[in-house]
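Source file: structure.cif (mmCIF, C-alpha atoms)
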```
data_coords
#
loop_
_atom_site.group_PDB
_atom_site.id
_atom_site.type_symbol
_atom_site.label_atom_id
_atom_site.label_comp_id
_atom_site.auth_asym_id
_atom_site.auth_seq_id
_atom_site.Cartn_x
_atom_site.Cartn_y
_atom_site.Cartn_z
ATOM 1 C CA MET A 1 123.612 154.644 95.513
ATOM 2 C CA SER A 2 124.116 157.665 93.227
ATOM 3 C CA LEU A 3 121.169 156.487 91.125
ATOM 4 C CA SER A 4 118.909 156.481 94.197
ATOM 5 C CA LEU A 5 120.167 159.962 95.159
ATOM 6 C CA PHE A 6 119.351 161.186 91.668
ATOM 7 C CA LYS A 7 115.876 159.635 92.002
ATOM 8 C CA ASP A 8 115.383 161.325 95.401
ATOM 9 C CA ASP A 9 116.538 164.660 94.017
ATOM 10 C CA GLN A 10 113.954 164.366 91.245
ATOM 11 C CA SER A 11 111.174 163.479 93.690
ATOM 12 C CA LEU A 12 112.098 166.508 95.801
ATOM 13 C CA GLY A 13 111.762 168.725 92.772
ATOM 14 C CA SER A 14 108.148 167.677 92.345
ATOM 15 C CA LEU A 15 107.271 168.382 95.970
ATOM 16 C CA GLY A 16 108.085 172.013 96.331
ATOM 17 C CA ASP A 17 109.669 175.020 94.848
ATOM 18 C CA GLU A 18 113.342 175.451 93.998
ATOM 19 C CA SER A 19 114.336 176.584 97.496
ATOM 20 C CA THR A 20 112.917 173.372 98.983
ATOM 21 C CA VAL A 21 114.936 171.292 96.505
ATOM 22 C CA VAL A 22 118.122 173.228 97.301
ATOM 23 C CA GLU A 23 117.519 172.817 101.039
ATOM 24 C CA GLY A 24 116.868 169.100 100.511
ATOM 25 C CA LYS A 25 120.106 168.664 98.578
ATOM 26 C CA LYS A 26 122.016 170.513 101.280
ATOM 27 C CA LEU A 27 120.416 168.299 103.913
ATOM 28 C CA VAL A 28 121.296 165.117 101.987
ATOM 29 C CA ASN A 29 124.910 166.297 101.589
ATOM 30 C CA GLU A 30 125.091 167.107 105.308
ATOM 31 C CA LEU A 31 123.645 163.691 106.164
ATOM 32 C CA HIS A 32 126.277 161.994 103.994
ATOM 33 C CA ARG A 33 129.006 164.001 105.712
ATOM 34 C CA ILE A 34 127.644 163.045 109.152
ATOM 35 C CA GLN A 35 127.319 159.444 108.031
ATOM 36 C CA GLY A 36 130.985 159.450 107.010
ATOM 37 C CA LEU A 37 132.033 160.964 110.341
ATOM 38 C CA LEU A 38 129.955 158.410 112.262
ATOM 39 C CA ALA A 39 131.442 155.582 110.253
ATOM 40 C CA THR A 40 134.937 156.842 111.114
ATOM 41 C CA VAL A 41 134.104 157.108 114.835
ATOM 42 C CA LEU A 42 132.452 153.704 114.874
ATOM 43 C CA LYS A 43 135.418 152.170 113.088
ATOM 44 C CA LYS A 44 137.772 153.542 115.755
ATOM 45 C CA LYS A 45 135.517 152.334 118.610
ATOM 46 C CA GLY A 46 134.563 149.096 116.940
ATOM 47 C CA SER A 47 130.797 149.598 117.292
ATOM 48 C CA THR A 48 127.872 150.522 115.019
ATOM 49 C CA VAL A 49 124.729 152.606 115.240
ATOM 50 C CA THR A 50 121.716 150.708 116.535
ATOM 51 C CA PRO A 51 119.238 149.963 113.760
ATOM 52 C CA GLY A 52 116.240 151.509 115.620
ATOM 53 C CA GLY A 53 117.319 154.987 114.639
ATOM 54 C CA ASN A 54 118.824 155.789 118.031
ATOM 55 C CA ASN A 55 121.819 158.019 117.366
ATOM 56 C CA SER A 56 123.640 157.023 120.553
ATOM 57 C CA VAL A 57 126.432 154.501 120.491
ATOM 58 C CA SER A 58 125.296 151.218 122.035
ATOM 59 C CA SER A 59 127.004 150.104 125.240
ATOM 60 C CA THR A 60 127.758 146.690 123.810
ATOM 61 C CA PRO A 61 129.521 146.939 120.545
ATOM 62 C CA ILE A 62 127.823 145.212 117.665
ATOM 63 C CA VAL A 63 130.413 143.964 115.351
ATOM 64 C CA GLY A 64 129.327 142.406 112.173
ATOM 65 C CA PRO A 65 130.426 141.873 108.654
ATOM 66 C CA PRO A 66 130.773 145.003 106.538
ATOM 67 C CA MET A 67 127.655 144.044 104.573
ATOM 68 C CA VAL A 68 125.494 144.189 107.752
ATOM 69 C CA ARG A 69 126.913 147.581 108.666
ATOM 70 C CA LYS A 70 126.308 148.764 105.132
ATOM 71 C CA ALA A 71 122.710 147.494 105.286
ATOM 72 C CA GLU A 72 122.205 149.294 108.599
ATOM 73 C CA SER A 73 123.617 152.456 107.072
ATOM 74 C CA GLN A 74 121.272 152.063 104.126
ATOM 75 C CA VAL A 75 118.316 151.680 106.500
ATOM 76 C CA GLU A 76 119.376 154.837 108.338
ATOM 77 C CA VAL A 77 119.816 156.693 105.052
ATOM 78 C CA GLU A 78 116.373 155.569 103.902
ATOM 79 C CA ARG A 79 114.861 156.652 107.237
ATOM 80 C CA LEU A 80 116.500 160.063 106.877
ATOM 81 C CA ARG A 81 115.311 160.301 103.290
ATOM 82 C CA ALA A 82 111.772 159.552 104.455
ATOM 83 C CA GLN A 83 112.086 162.315 107.078
ATOM 84 C CA LEU A 84 113.389 164.671 104.421
ATOM 85 C CA HIS A 85 110.510 163.733 102.163
ATOM 86 C CA ASP A 86 108.009 164.360 104.982
ATOM 87 C CA GLN A 87 109.588 167.730 105.732
ATOM 88 C CA ALA A 88 109.460 168.661 102.046
ATOM 89 C CA VAL A 89 105.781 167.675 101.904
ATOM 90 C CA HIS A 90 105.015 169.703 105.030
ATOM 91 C CA SER A 91 106.973 172.650 103.681
ATOM 92 C CA SER A 92 105.138 172.400 100.377
ATOM 93 C CA LEU A 93 101.781 172.253 102.155
ATOM 94 C CA ARG A 94 102.674 175.279 104.294
ATOM 95 C CA MET A 95 103.700 177.147 101.158
ATOM 96 C CA ALA A 96 100.437 176.172 99.430
ATOM 97 C CA ASP A 97 98.414 177.205 102.485
ATOM 98 C CA SER A 98 100.260 180.492 102.667
ATOM 99 C CA THR A 99 99.720 181.147 98.959
ATOM 100 C CA PHE A 100 96.034 180.275 99.229
ATOM 101 C CA LEU A 101 95.508 182.461 102.280
ATOM 102 C CA GLN A 102 97.388 185.333 100.637
ATOM 103 C CA ALA A 103 95.166 185.025 97.563
ATOM 104 C CA GLN A 104 92.066 185.007 99.782
ATOM 105 C CA LEU A 105 93.315 188.081 101.622
ATOM 106 C CA GLN A 106 93.992 189.935 98.369
ATOM 107 C CA GLU A 107 90.542 188.979 97.081
ATOM 108 C CA LYS A 108 88.899 190.281 100.250
ATOM 109 C CA ASP A 109 90.964 193.470 100.104
ATOM 110 C CA ALA A 110 89.804 194.033 96.520
ATOM 111 C CA LEU A 111 86.207 193.374 97.577
ATOM 112 C CA LEU A 112 86.500 195.835 100.465
ATOM 113 C CA LYS A 113 87.978 198.417 98.114
ATOM 114 C CA ASP A 114 85.055 197.950 95.710
ATOM 115 C CA ILE A 115 82.547 198.227 98.546
ATOM 116 C CA SER A 116 84.284 201.345 99.814
ATOM 117 C CA GLN A 117 84.065 202.945 96.367
ATOM 118 C CA ILE A 118 80.392 202.019 96.100
ATOM 119 C CA LEU A 119 79.682 203.483 99.541
ATOM 120 C CA GLU A 120 81.474 206.707 98.589
ATOM 121 C CA ALA A 121 79.393 206.943 95.408
ATOM 122 C CA VAL A 122 76.186 206.275 97.371
ATOM 123 C CA GLU A 123 77.095 208.913 99.962
ATOM 124 C CA LYS A 124 77.852 211.437 97.220
ATOM 125 C CA ARG A 125 74.556 210.664 95.497
ATOM 126 C CA GLN A 126 72.709 210.931 98.825
ATOM 127 C CA VAL A 127 74.170 214.404 99.413
ATOM 128 C CA GLU A 128 73.148 215.427 95.890
ATOM 129 C CA LEU A 129 69.608 214.099 96.421
ATOM 130 C CA GLU A 130 69.297 215.798 99.808
ATOM 131 C CA THR A 131 70.420 219.101 98.267
ATOM 132 C CA GLU A 132 67.931 218.648 95.423
ATOM 133 C CA ASN A 133 65.224 217.729 97.932
ATOM 134 C CA ASP A 134 65.919 220.877 99.998
ATOM 135 C CA ARG A 135 65.812 222.984 96.827
ATOM 136 C CA LEU A 136 62.503 221.424 95.771
ATOM 137 C CA LYS A 137 61.005 221.910 99.256
ATOM 138 C CA LEU A 138 61.978 225.587 99.191
ATOM 139 C CA GLN A 139 60.545 225.899 95.688
ATOM 140 C CA TRP A 140 57.322 224.169 96.827
ATOM 141 C CA HIS A 141 56.991 226.449 99.877
ATOM 142 C CA ASN A 142 57.571 229.507 97.693
ATOM 143 C CA GLY A 143 55.034 228.210 95.177
ATOM 144 C CA MET A 144 52.486 227.553 97.923
ATOM 145 C CA SER A 145 53.053 231.056 99.307
ATOM 146 C CA GLU A 146 52.542 232.532 95.839
ATOM 147 C CA LEU A 147 49.437 230.401 95.375
ATOM 148 C CA ARG A 148 47.958 231.646 98.672
ATOM 149 C CA ASN A 149 48.753 235.219 97.631
ATOM 150 C CA LYS A 150 47.106 234.644 94.246
ATOM 151 C CA GLU A 151 44.079 233.054 95.950
ATOM 152 C CA SER A 152 43.805 236.106 98.197
ATOM 153 C CA GLU A 153 44.095 238.378 95.187
ATOM 154 C CA THR A 154 41.536 236.258 93.359
ATOM 155 C CA ILE A 155 39.079 236.510 96.248
ATOM 156 C CA ILE A 156 39.605 240.283 96.377
ATOM 157 C CA LEU A 157 39.195 240.516 92.595
ATOM 158 C CA GLU A 158 36.074 238.331 92.668
ATOM 159 C CA LYS A 159 34.571 240.613 95.323
ATOM 160 C CA LEU A 160 35.570 243.636 93.282
ATOM 161 C CA ILE A 161 34.062 242.099 90.135
ATOM 162 C CA LYS A 162 30.860 241.266 92.010
ATOM 163 C CA LYS A 163 30.758 244.818 93.336
ATOM 164 C CA ARG A 164 31.326 246.173 89.843
ATOM 165 C CA ASP A 165 28.665 243.844 88.449
ATOM 166 C CA ASP A 166 26.256 245.111 91.097
ATOM 167 C CA GLN A 167 27.159 248.707 90.200
ATOM 168 C CA ILE A 168 26.676 247.975 86.485
ATOM 169 C CA LYS A 169 23.263 246.466 87.233
ATOM 170 C CA GLU A 170 22.355 249.540 89.271
ATOM 171 C CA PHE A 171 23.509 251.790 86.439
ATOM 172 C CA LYS A 172 21.476 249.742 83.966
ATOM 173 C CA VAL A 173 18.449 249.930 86.203
ATOM 174 C CA GLN A 174 18.941 253.690 86.619
ATOM 175 C CA LEU A 175 19.529 254.115 82.952
ATOM 176 C CA ALA A 176 16.451 252.108 82.113
ATOM 177 C CA GLY A 177 14.449 254.199 84.611
ATOM 178 C CA ASP A 178 15.733 257.435 83.153
ATOM 179 C CA GLU A 179 14.812 256.300 79.659
ATOM 180 C CA ASP A 180 11.336 255.339 80.787
ATOM 181 C CA GLU A 181 10.923 258.781 82.328
ATOM 182 C CA SER A 182 12.147 260.511 79.257
ATOM 183 C CA GLU A 183 9.840 258.528 77.015
ATOM 184 C CA GLY A 184 6.979 259.235 79.241
ATOM 185 C CA GLU A 185 7.389 262.926 78.894
#
```
The structure in this file should be written as structure tokens.
Amino acid sequence: MSLSLFKDDQSLGSLGDESTVVEGKKLVNELHRIQGLLATVLKKKGSTVTPGGNNSVSSTPIVGPPMVRKAESQVEVERLRAQLHDQAVHSSLRMADSTFLQAQLQEKDALLKDISQILEAVEKRQVELETENDRLKLQWHNGMSELRNKESETIILEKLIKKRDDQIKEFKVQLAGDEDESEGE
């Protein structure tokens, strides 16, 4: 029996972490203690545990050779070992699920943090671009105002130049007329 316990202890170690193995060993020790107590009570009453796994004492005592009682005890121990194994598997699966979900949560948190940083950078860049855009609009409006002023000045200067050209032509015509008069004398 100690060889089978050693085998069960090894199989528990492969199912879960160290705490699961320790809990399993404690459970097996407790089951052995309870089994010993039940054997003592049954010996005093002269009955045995029913083989179906019912933990109540049967109303009609079943008395059999010690080998039958030992076989029944072995069946009960094996049933309890199977339950322990199932619990260890379920515990291991819960632990794996928890670990997986925690990893997923951390991954999503990291992703959200990255997205948050990107959004902050985009917002900062947007503010910079809006400021630059406002500056360029003001510069454009100022440039357009200067251009209109220059166009007005240009129109005034063109009129002045035309007026001066007309005056120069008149002076040339007068000068040419004065020279013709002086030559004719």
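Atom CA of A:Leu38 is positioned 14.6 Å from atom CA of A:Leu80.
The space between atom CA of A:Ala82 and atom CA of A:Asn29 spans 15.0 Å.
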(request) Go through A:Leu42, A:Met67, A:Ile168, A:Val77 and flag the residue nearest A:Leu27, using only C-alpha atoms for the distances. (result)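 Of A:Leu42, A:Met67, A:Ile168, A:Val77, the one nearest A:Leu27 is A:Val77, counting only C-alpha atoms.
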(request) One decimal, Å: what's the distance from atom CA of A:Ile118 over to atom CA of A:Gln102, could you say? (result)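 These two atoms are separated by 24.2 Å.
Proximity of A:Leu112, A:Phe171, A:Ser98, A:Gln35 to A:Gln74, computed with all atoms listed in the file, is greatest for A:Gln35.
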(message) I'd like to see the residues matched by the PyMOL selection byres ((chain A and resi 88) around 9) on this file, and ideally I'd get them as number ranges by chain.
(response) A: 12, 15-16, 20-21, 24, 83-87, 89-93
Provide an axis-aligned box for all listed atoms of stretch 69-85 of chain A, padding each side by 6 Å; report its centre and its edge lengths in Å to one decimal, as lines of an AutoDock Vina configuration file.
```
center_x = 118.7
center_y = 156.1
center_z = 105.4
size_x = 28.4
size_y = 29.2
size_z = 18.5
```
